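> Input structure: coords-v8.txt, which contains compact mmCIF, C-alpha atoms and all ligand atoms.
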```
# COMPACT_ATOMS: atom_id res chain seq x y z
CA MET A 1 2.10 25.75 -3.83
CA ASN A 2 1.27 24.23 -0.43
CA GLU A 3 -2.40 24.99 -1.03
CA PHE A 4 -2.25 23.59 -4.55
CA ILE A 5 -0.76 20.32 -3.29
CA GLN A 6 -3.20 20.07 -0.37
CA GLY A 7 -6.18 20.63 -2.67
CA LEU A 8 -4.98 18.45 -5.56
CA PRO A 9 -7.40 15.53 -5.98
CA LYS A 10 -5.44 12.39 -5.10
CA VAL A 11 -5.76 8.69 -5.81
CA GLU A 12 -3.93 6.34 -3.48
CA LEU A 13 -2.81 2.98 -4.92
CA HIS A 14 -0.36 1.74 -2.28
CA LEU A 15 -1.63 1.75 1.28
CA HIS A 16 -1.41 -1.09 3.80
CA ILE A 17 -4.40 -0.58 6.06
CA GLU A 18 -2.50 -2.18 8.96
CA GLY A 19 0.18 0.46 8.37
CA SER A 20 -2.30 3.23 9.08
CA LEU A 21 -2.63 2.18 12.74
CA GLU A 22 -1.64 5.31 14.70
CA PRO A 23 -0.14 4.73 18.17
CA GLU A 24 -3.13 6.45 19.83
CA LEU A 25 -5.58 4.00 18.24
CA ALA A 26 -3.22 1.09 19.01
CA PHE A 27 -3.44 2.01 22.70
CA GLU A 28 -7.23 2.41 22.53
CA LEU A 29 -7.62 -1.04 20.92
CA ALA A 30 -5.14 -2.61 23.36
CA THR A 31 -7.24 -1.31 26.27
CA ARG A 32 -10.49 -2.43 24.63
CA ASN A 33 -9.11 -5.94 24.04
CA ASN A 34 -7.19 -6.30 27.31
CA ILE A 35 -3.79 -6.54 25.63
CA ALA A 36 -0.59 -5.32 27.30
CA LEU A 37 1.68 -3.24 25.04
CA PRO A 38 5.43 -3.14 25.73
CA TYR A 39 5.35 0.71 25.73
CA ASP A 40 4.14 3.22 28.35
CA SER A 41 2.39 5.63 26.01
CA PRO A 42 1.60 6.37 22.37
CA GLN A 43 4.56 8.79 22.40
CA ALA A 44 6.92 6.04 23.55
CA LEU A 45 5.59 3.72 20.83
CA ARG A 46 6.08 6.41 18.17
CA LYS A 47 9.68 6.85 19.33
CA ALA A 48 10.31 3.17 18.50
CA TYR A 49 9.53 3.91 14.84
CA ALA A 50 13.14 4.19 13.67
CA PHE A 51 14.21 1.57 11.16
CA ASP A 52 17.45 0.62 9.41
CA ASN A 53 15.75 -1.52 6.78
CA LEU A 54 12.51 -3.20 5.68
CA GLN A 55 12.81 -6.16 8.05
CA ALA A 56 13.28 -3.94 11.13
CA PHE A 57 10.05 -2.17 10.19
CA LEU A 58 8.14 -5.39 9.45
CA ASP A 59 8.98 -6.81 12.89
CA ILE A 60 7.33 -3.80 14.61
CA TYR A 61 4.47 -3.63 12.09
CA TYR A 62 3.39 -7.27 12.61
CA GLN A 63 3.62 -6.76 16.39
CA GLY A 64 1.39 -3.67 16.12
CA ALA A 65 -1.31 -5.60 14.22
CA ASN A 66 -1.78 -7.82 17.28
CA VAL A 67 -4.18 -5.30 18.85
CA LEU A 68 -6.64 -5.83 15.98
CA ARG A 69 -9.09 -8.51 17.09
CA THR A 70 -12.74 -7.77 16.30
CA GLU A 71 -14.69 -6.66 13.28
CA GLN A 72 -15.19 -3.29 14.99
CA ASP A 73 -11.39 -2.93 15.42
CA PHE A 74 -10.89 -3.34 11.66
CA TYR A 75 -13.76 -0.94 11.05
CA ASP A 76 -12.26 1.71 13.36
CA LEU A 77 -8.80 1.31 11.79
CA THR A 78 -10.18 1.78 8.27
CA TRP A 79 -12.50 4.62 9.24
CA ALA A 80 -9.63 6.56 10.84
CA TYR A 81 -7.61 6.21 7.62
CA LEU A 82 -10.55 7.46 5.53
CA GLU A 83 -11.21 10.50 7.73
CA ARG A 84 -7.52 11.40 7.58
CA SER A 85 -7.45 10.90 3.79
CA LYS A 86 -10.45 13.18 3.30
CA ILE A 87 -8.33 16.07 4.63
CA ASP A 88 -5.80 15.35 1.86
CA ASN A 89 -8.53 15.32 -0.83
CA VAL A 90 -8.11 11.63 -1.60
CA ILE A 91 -10.97 10.82 -3.98
CA HIS A 92 -10.26 7.12 -4.55
CA THR A 93 -8.16 4.60 -2.65
CA GLU A 94 -7.08 1.03 -3.35
CA ILE A 95 -6.06 -0.44 -0.05
CA PHE A 96 -4.02 -3.53 0.77
CA PHE A 97 -4.64 -5.80 3.68
CA ASP A 98 -2.54 -8.79 4.79
CA PRO A 99 -4.97 -11.65 5.57
CA GLN A 100 -2.24 -13.96 6.89
CA THR A 101 -1.10 -11.41 9.49
CA HIS A 102 -4.48 -12.05 11.11
CA THR A 103 -5.42 -15.64 10.20
CA GLU A 104 -2.01 -16.87 11.45
CA ARG A 105 -2.96 -15.61 14.94
CA GLY A 106 -6.46 -17.07 14.89
CA ILE A 107 -8.53 -14.14 13.62
CA GLU A 108 -11.07 -15.23 10.99
CA PHE A 109 -10.66 -13.93 7.44
CA ASP A 110 -14.38 -12.97 7.53
CA THR A 111 -13.87 -10.77 10.63
CA VAL A 112 -11.09 -8.83 8.91
CA ILE A 113 -12.74 -8.29 5.53
CA SER A 114 -16.14 -7.48 7.05
CA GLY A 115 -14.79 -4.65 9.21
CA ILE A 116 -12.64 -3.17 6.45
CA TYR A 117 -15.40 -3.42 3.83
CA ARG A 118 -18.10 -1.91 6.05
CA ALA A 119 -15.91 1.12 6.80
CA LEU A 120 -15.04 1.59 3.12
CA CYS A 121 -18.74 1.48 2.16
CA ASP A 122 -19.52 4.07 4.85
CA GLY A 123 -16.57 6.15 3.59
CA GLN A 124 -17.91 6.08 0.06
CA ALA A 125 -21.39 7.10 1.23
CA GLN A 126 -20.38 9.73 3.79
CA LEU A 127 -17.01 11.05 2.57
CA GLY A 128 -17.31 10.41 -1.17
CA ILE A 129 -14.11 8.34 -1.32
CA THR A 130 -14.45 5.42 -3.75
CA PHE A 131 -12.36 2.30 -3.19
CA GLN A 132 -11.06 -1.12 -4.17
CA ILE A 133 -9.55 -3.80 -1.91
CA ILE A 134 -6.42 -5.85 -2.68
CA ALA A 135 -5.44 -8.82 -0.49
CA CYS A 136 -1.66 -9.32 -0.21
CA PHE A 137 0.19 -12.59 0.32
CA LEU A 138 3.07 -12.44 2.79
CA ARG A 139 6.04 -13.57 0.72
CA HIS A 140 8.03 -14.85 3.73
CA LEU A 141 5.32 -17.51 4.25
CA SER A 142 4.97 -20.66 2.11
CA GLU A 143 3.30 -21.12 -1.25
CA GLN A 144 0.81 -23.45 0.46
CA SER A 145 -0.16 -20.77 2.97
CA ALA A 146 -0.74 -18.36 0.05
CA MET A 147 -2.86 -21.02 -1.73
CA ASN A 148 -5.01 -21.45 1.41
CA THR A 149 -5.39 -17.68 1.62
CA LEU A 150 -6.42 -17.55 -2.05
CA THR A 151 -9.26 -19.95 -1.20
CA ASP A 152 -10.51 -17.45 1.42
CA ILE A 153 -10.08 -14.53 -0.99
CA LEU A 154 -12.17 -16.27 -3.67
CA LYS A 155 -15.08 -16.56 -1.21
CA HIS A 156 -15.05 -12.74 -1.02
CA GLN A 157 -14.42 -11.93 -4.66
CA ASP A 158 -17.42 -9.62 -4.63
CA LYS A 159 -15.38 -7.32 -2.35
CA ILE A 160 -11.77 -7.98 -3.42
CA ILE A 161 -10.51 -6.82 -6.83
CA GLY A 162 -7.06 -8.35 -6.77
CA VAL A 163 -4.08 -9.87 -5.01
CA GLY A 164 -0.68 -8.44 -4.15
CA LEU A 165 2.62 -9.61 -2.74
CA ASP A 166 4.37 -7.92 0.19
CA SER A 167 6.67 -8.44 3.20
CA SER A 168 10.39 -9.38 2.99
CA GLU A 169 11.50 -9.04 -0.64
CA ASN A 170 15.01 -10.37 -0.25
CA GLY A 171 15.11 -14.19 -0.21
CA HIS A 172 11.50 -14.50 -1.42
CA PRO A 173 11.51 -13.91 -5.20
CA PRO A 174 8.40 -13.59 -7.36
CA SER A 175 8.93 -17.11 -8.80
CA LYS A 176 7.89 -18.59 -5.43
CA PHE A 177 4.32 -17.42 -6.17
CA THR A 178 3.96 -18.08 -9.92
CA ARG A 179 1.35 -20.83 -9.42
CA VAL A 180 -0.69 -18.87 -6.86
CA PHE A 181 -0.79 -15.79 -9.08
CA ASN A 182 -1.73 -17.88 -12.13
CA GLN A 183 -4.70 -19.30 -10.23
CA ALA A 184 -5.72 -15.84 -9.00
CA LYS A 185 -5.53 -14.45 -12.53
CA GLN A 186 -7.56 -17.37 -13.93
CA ALA A 187 -10.23 -16.69 -11.32
CA GLY A 188 -10.51 -13.12 -12.63
CA LEU A 189 -8.49 -11.28 -9.96
CA GLN A 190 -6.10 -8.44 -10.80
CA THR A 191 -2.47 -8.86 -9.72
CA VAL A 192 0.14 -6.44 -8.34
CA ALA A 193 3.38 -7.05 -6.45
CA HIS A 194 6.00 -5.26 -4.37
CA ALA A 195 9.22 -5.42 -6.38
CA GLY A 196 12.40 -3.38 -6.65
CA GLU A 197 11.94 -1.80 -3.23
CA GLU A 198 14.83 -3.49 -1.42
CA GLY A 199 15.29 -6.21 -4.01
CA PRO A 200 16.95 -5.93 -7.43
CA ALA A 201 15.47 -4.78 -10.76
CA GLN A 202 15.27 -8.44 -11.77
CA ASN A 203 12.37 -8.83 -9.32
CA ILE A 204 10.43 -6.21 -11.30
CA THR A 205 11.07 -8.04 -14.59
CA ASP A 206 10.14 -11.38 -13.01
CA SER A 207 6.96 -9.98 -11.42
CA ILE A 208 5.87 -8.66 -14.83
CA GLU A 209 6.71 -11.92 -16.63
CA LEU A 210 5.77 -14.55 -14.04
CA LEU A 211 2.98 -12.87 -12.07
CA SER A 212 1.35 -10.89 -14.95
CA ILE A 213 1.07 -7.80 -12.74
CA SER A 214 -0.83 -4.67 -13.80
CA ARG A 215 1.39 -2.33 -11.78
CA VAL A 216 4.59 -2.46 -9.75
CA ASP A 217 4.52 -1.54 -6.05
CA HIS A 218 7.62 0.61 -5.34
CA GLY A 219 9.77 -0.34 -8.35
CA VAL A 220 12.31 2.43 -7.71
CA ARG A 221 15.27 0.09 -8.34
CA CYS A 222 14.19 -0.18 -12.00
CA VAL A 223 16.87 2.42 -12.78
CA GLU A 224 19.51 -0.28 -12.37
CA ASP A 225 18.27 -1.76 -15.67
CA PRO A 226 17.92 0.90 -18.43
CA ALA A 227 16.22 -1.58 -20.80
CA LEU A 228 13.60 -2.23 -18.12
CA VAL A 229 12.98 1.52 -17.73
CA GLU A 230 12.40 1.74 -21.50
CA GLN A 231 9.99 -1.20 -21.27
CA LEU A 232 8.06 0.43 -18.40
CA ILE A 233 7.67 3.60 -20.48
CA GLU A 234 6.58 1.74 -23.63
CA THR A 235 4.07 -0.49 -21.85
CA LYS A 236 2.81 2.33 -19.58
CA MET A 237 3.45 0.11 -16.57
CA ALA A 238 2.78 2.20 -13.46
CA LEU A 239 4.96 2.30 -10.35
CA THR A 240 3.28 2.98 -7.00
CA VAL A 241 6.13 4.90 -5.39
CA CYS A 242 6.16 5.65 -1.63
CA PRO A 243 8.68 8.44 -1.02
CA LEU A 244 8.54 8.85 2.79
CA SER A 245 8.60 5.06 3.19
CA ASN A 246 11.72 4.86 1.04
CA ILE A 247 13.53 7.38 3.25
CA LYS A 248 12.38 5.78 6.53
CA LEU A 249 13.50 2.33 5.33
CA CYS A 250 16.80 3.68 3.96
CA VAL A 251 16.12 2.77 0.32
CA PHE A 252 17.49 6.29 -0.39
CA ASP A 253 19.70 8.29 2.00
CA ASP A 254 17.51 11.39 1.75
CA MET A 255 14.78 12.90 -0.42
CA SER A 256 17.28 14.76 -2.60
CA GLN A 257 18.51 11.34 -3.76
CA HIS A 258 15.01 10.05 -4.59
CA ASN A 259 14.40 9.25 -8.26
CA VAL A 260 10.61 9.63 -8.57
CA VAL A 261 10.71 13.03 -10.32
CA GLU A 262 13.51 11.91 -12.64
CA LEU A 263 11.37 8.90 -13.59
CA LEU A 264 8.30 11.13 -14.09
CA ARG A 265 10.27 13.36 -16.49
CA LYS A 266 11.51 10.32 -18.41
CA GLY A 267 7.88 9.33 -19.01
CA VAL A 268 7.50 6.48 -16.51
CA ALA A 269 3.94 6.31 -15.10
CA VAL A 270 4.92 6.99 -11.50
CA THR A 271 2.39 7.68 -8.74
CA ILE A 272 2.85 8.91 -5.15
CA ASN A 273 1.52 6.93 -2.19
CA SER A 274 1.85 6.66 1.56
CA ASP A 275 2.50 2.87 2.12
CA ASP A 276 2.32 2.74 5.96
CA PRO A 277 1.59 6.35 6.93
CA ALA A 278 1.39 5.83 10.70
CA TYR A 279 4.93 4.41 10.70
CA PHE A 280 6.59 6.59 8.06
CA GLY A 281 5.50 10.04 9.20
CA GLY A 282 2.96 11.09 6.63
CA TYR A 283 -0.17 10.64 4.57
CA MET A 284 -0.68 11.58 0.91
CA THR A 285 -0.17 15.35 1.11
CA ASP A 286 2.94 14.88 3.29
CA ASN A 287 4.40 12.58 0.63
CA PHE A 288 3.67 15.03 -2.20
CA MET A 289 5.10 17.92 -0.14
CA ALA A 290 8.27 16.07 0.81
CA VAL A 291 8.99 15.24 -2.85
CA TYR A 292 8.11 18.76 -4.00
CA LYS A 293 10.43 20.38 -1.45
CA ALA A 294 13.42 18.33 -2.63
CA HIS A 295 12.46 18.38 -6.33
CA PRO A 296 10.31 21.40 -7.26
CA MET A 297 7.70 20.53 -9.90
CA THR A 298 5.30 22.54 -12.06
CA PRO A 299 1.55 22.35 -11.35
CA ASP A 300 1.20 20.24 -14.52
CA GLU A 301 3.80 17.77 -13.25
CA LEU A 302 2.05 17.50 -9.88
CA ALA A 303 -1.28 16.96 -11.62
CA GLN A 304 0.34 14.32 -13.86
CA LEU A 305 1.08 12.25 -10.74
CA SER A 306 -2.65 12.14 -10.00
CA LEU A 307 -3.56 11.47 -13.63
CA ASN A 308 -1.09 8.57 -13.68
CA ALA A 309 -2.81 7.15 -10.58
CA ILE A 310 -6.26 7.39 -12.17
CA ASP A 311 -4.98 5.61 -15.29
CA ALA A 312 -3.28 2.89 -13.24
CA SER A 313 -6.23 2.37 -10.89
CA PHE A 314 -8.78 -0.44 -11.04
CA ILE A 315 -11.58 2.10 -11.45
CA GLU A 316 -13.91 0.85 -14.19
CA PRO A 317 -12.58 2.24 -17.51
CA ALA A 318 -15.95 3.82 -18.38
CA LEU A 319 -15.91 5.76 -15.08
CA LYS A 320 -12.30 6.98 -15.22
CA LEU A 321 -13.20 10.12 -17.17
CA GLN A 322 -15.23 11.37 -14.20
CA TYR A 323 -12.09 11.39 -12.05
CA ARG A 324 -9.93 13.45 -14.43
N1 LIG A 401 4.23 -4.44 4.25
C1 LIG A 401 3.85 -3.23 4.66
N2 LIG A 401 4.62 -2.28 4.11
C2 LIG A 401 5.51 -2.92 3.31
C3 LIG A 401 6.55 -2.49 2.47
N3 LIG A 401 6.88 -1.21 2.32
N4 LIG A 401 7.26 -3.43 1.82
C4 LIG A 401 6.96 -4.72 1.96
N5 LIG A 401 5.98 -5.17 2.73
C5 LIG A 401 5.25 -4.27 3.40
ZN ZN A 402 3.96 -1.47 0.61
```
Give the structure from this file in structure tokens form.

Amino acid sequence: MNEFIQGLPKVELHLHIEGSLEPELAFELATRNNIALPYDSPQALRKAYAFDNLQAFLDIYYQGANVLRTEQDFYDLTWAYLERSKIDNVIHTEIFFDPQTHTERGIEFDTVISGIYRALCDGQAQLGITFQIIACFLRHLSEQSAMNTLTDILKHQDKIIGVGLDSSENGHPPSKFTRVFNQAKQAGLQTVAHAGEEGPAQNITDSIELLSISRVDHGVRCVEDPALVEQLIETKMALTVCPLSNIKLCVFDDMSQHNVVELLRKGVAVTINSDDPAYFGGYMTDNFMAVYKAHPMTPDELAQLSLNAIDASFIEPALKLQYR
């Protein structure tokens, strides 16, 4: 079954490109940009990747992004992710980036998107991996900051398919961004949001109702509201679940407690994704394998996870058949 999982064509719908920064590349970029890191070696940095919760991770993750300065840095980051994903037979990826993580420290929006986009175009041409880009608002920052970011995003709408919402879920409910998401939607952008990762099921309901999202990022706490689970099944609302992330951030105690396979068998359109693979110990195949080991699945069930991802993707409807 290892070979089956490795070879299974995969579609990734929940990947923060900044979260694919491996310690080795972080050191290379720090040297290139003359930045001192508070660790002696990539190994020492990797050892610091132990987290009790989402906020503990976010603190280290935003610090890590500081080595990204030039267009070439963003290119190299994205290219490394694509080369790694090719090994896992990822055929399509929809990546997140966090514009404010960079603009807040003086890096131009154009620098960030140009490097990411150029690498993705090269990846499509040379590795055959198709893509979409989603720009996420940091929910711990203000509505005004998100509005300013939306202005930047709209200048690059030829490259960006939609907007998302990430960072600290607790204390920053979906309602804070209703107006921003309405404007994004009116401008023709797709919308997604992190909800029900650390926060309650109510955040999933509110993201669906207030932010008109097309899919829920994480969403594993939906089980706390059985009526919501029924609604997700009926409306075919997909969840972009990130199993290794959920264990690393203590959303579940261990993989045997994870509910993704239970949700799959109930008929929820769950998908498997890597979130921040450099920090959480695994890319797509690692995530599939970790779930499979704790919850053995049939080949049809494993394939269903990929089919769910194709259905939930922003691939043009007329082209989706070619991916199945
Ligand atoms: N930013 C990067 N990874 C995240 C996650 N798992 N939850 C919220 N914000 C994030
Ligand atoms: Zn995420």
> Go through A:Ile17, A:Val223, A:Ala303, A:Ile60 and flag the residue nearest A:Ile113, using all atoms listed in the file for the distances.
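Comparing A:Ile17, A:Val223, A:Ala303, A:Ile60 against A:Ile113, the winner is A:Ile17.
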> Determine, counting only C-alpha atoms, which protein, DNA and RNA residues have an atom within 9 Å of an atom of A:Leu263; residues of the same chain fewer than 5 positions away are not included. Present the result as a PyMOL selection string.
chain A and resi 220+223+229+268-270
> Please find the residues contacting ligand ZN 402 (chain A) at a distance of at most 8 Å between atoms, with all atoms listed in the file counted, and report them as a VMD selection string.
chain A and resid 14 to 16 166 to 167 194 217 to 218 242 275 to 276
> Could you pull the residues within 7 Å of A:Phe131, counting all atoms listed in the file, minus those fewer than 2 positions along the same chain, as a PyMOL selection string?
chain A and resi 92-94+120+129+133
> Which distance in Å separates atom CA of A:Thr205 and atom CA of A:Gln157, to one decimal?
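About the pair atom CA of A:Thr205 and atom CA of A:Gln157: they are 27.6 Å apart.
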> From the options A:Leu232, A:Leu307, A:Cys250, A:Leu127, which residue's atoms come nearest to ligand LIG 401 (chain A), counting all atoms listed in the file?
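For ligand LIG 401 (chain A), the nearest of the given residues is A:Cys250.
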> What does the list of residues within 10 Å of ligand LIG 401 (chain A) look like if you count only C-alpha atoms and all ligand atoms, written as a PyMOL selection string?
chain A and resi 14-20+53-55+57-58+61-62+96-98+136-140+165-169+193-198+217-218+241-242+245-246+248-249+274-277+279-280
> Between A:Tyr283, A:Ile208, A:Ala65, A:Ser256, which one has atoms that come closest to A:Glu83, using all atoms listed in the file?
A:Tyr283
> From the list A:Leu13, A:Lys236, A:Thr78, A:Leu150, which residue is nearest A:Val192 when using only C-alpha atoms?
A:Leu13
> Considering all atoms listed in the file, return as a list in words whatever protein or nucleic-acid residues lie within 12 Å of A:Asn34, sequence-local ones (same chain, fewer than 3 positions apart) excluded.
Ala26, Phe27, Glu28, Leu29, Ala30, Thr31, Leu37, Asn66, Val67, Leu68 and Arg69 of chain A
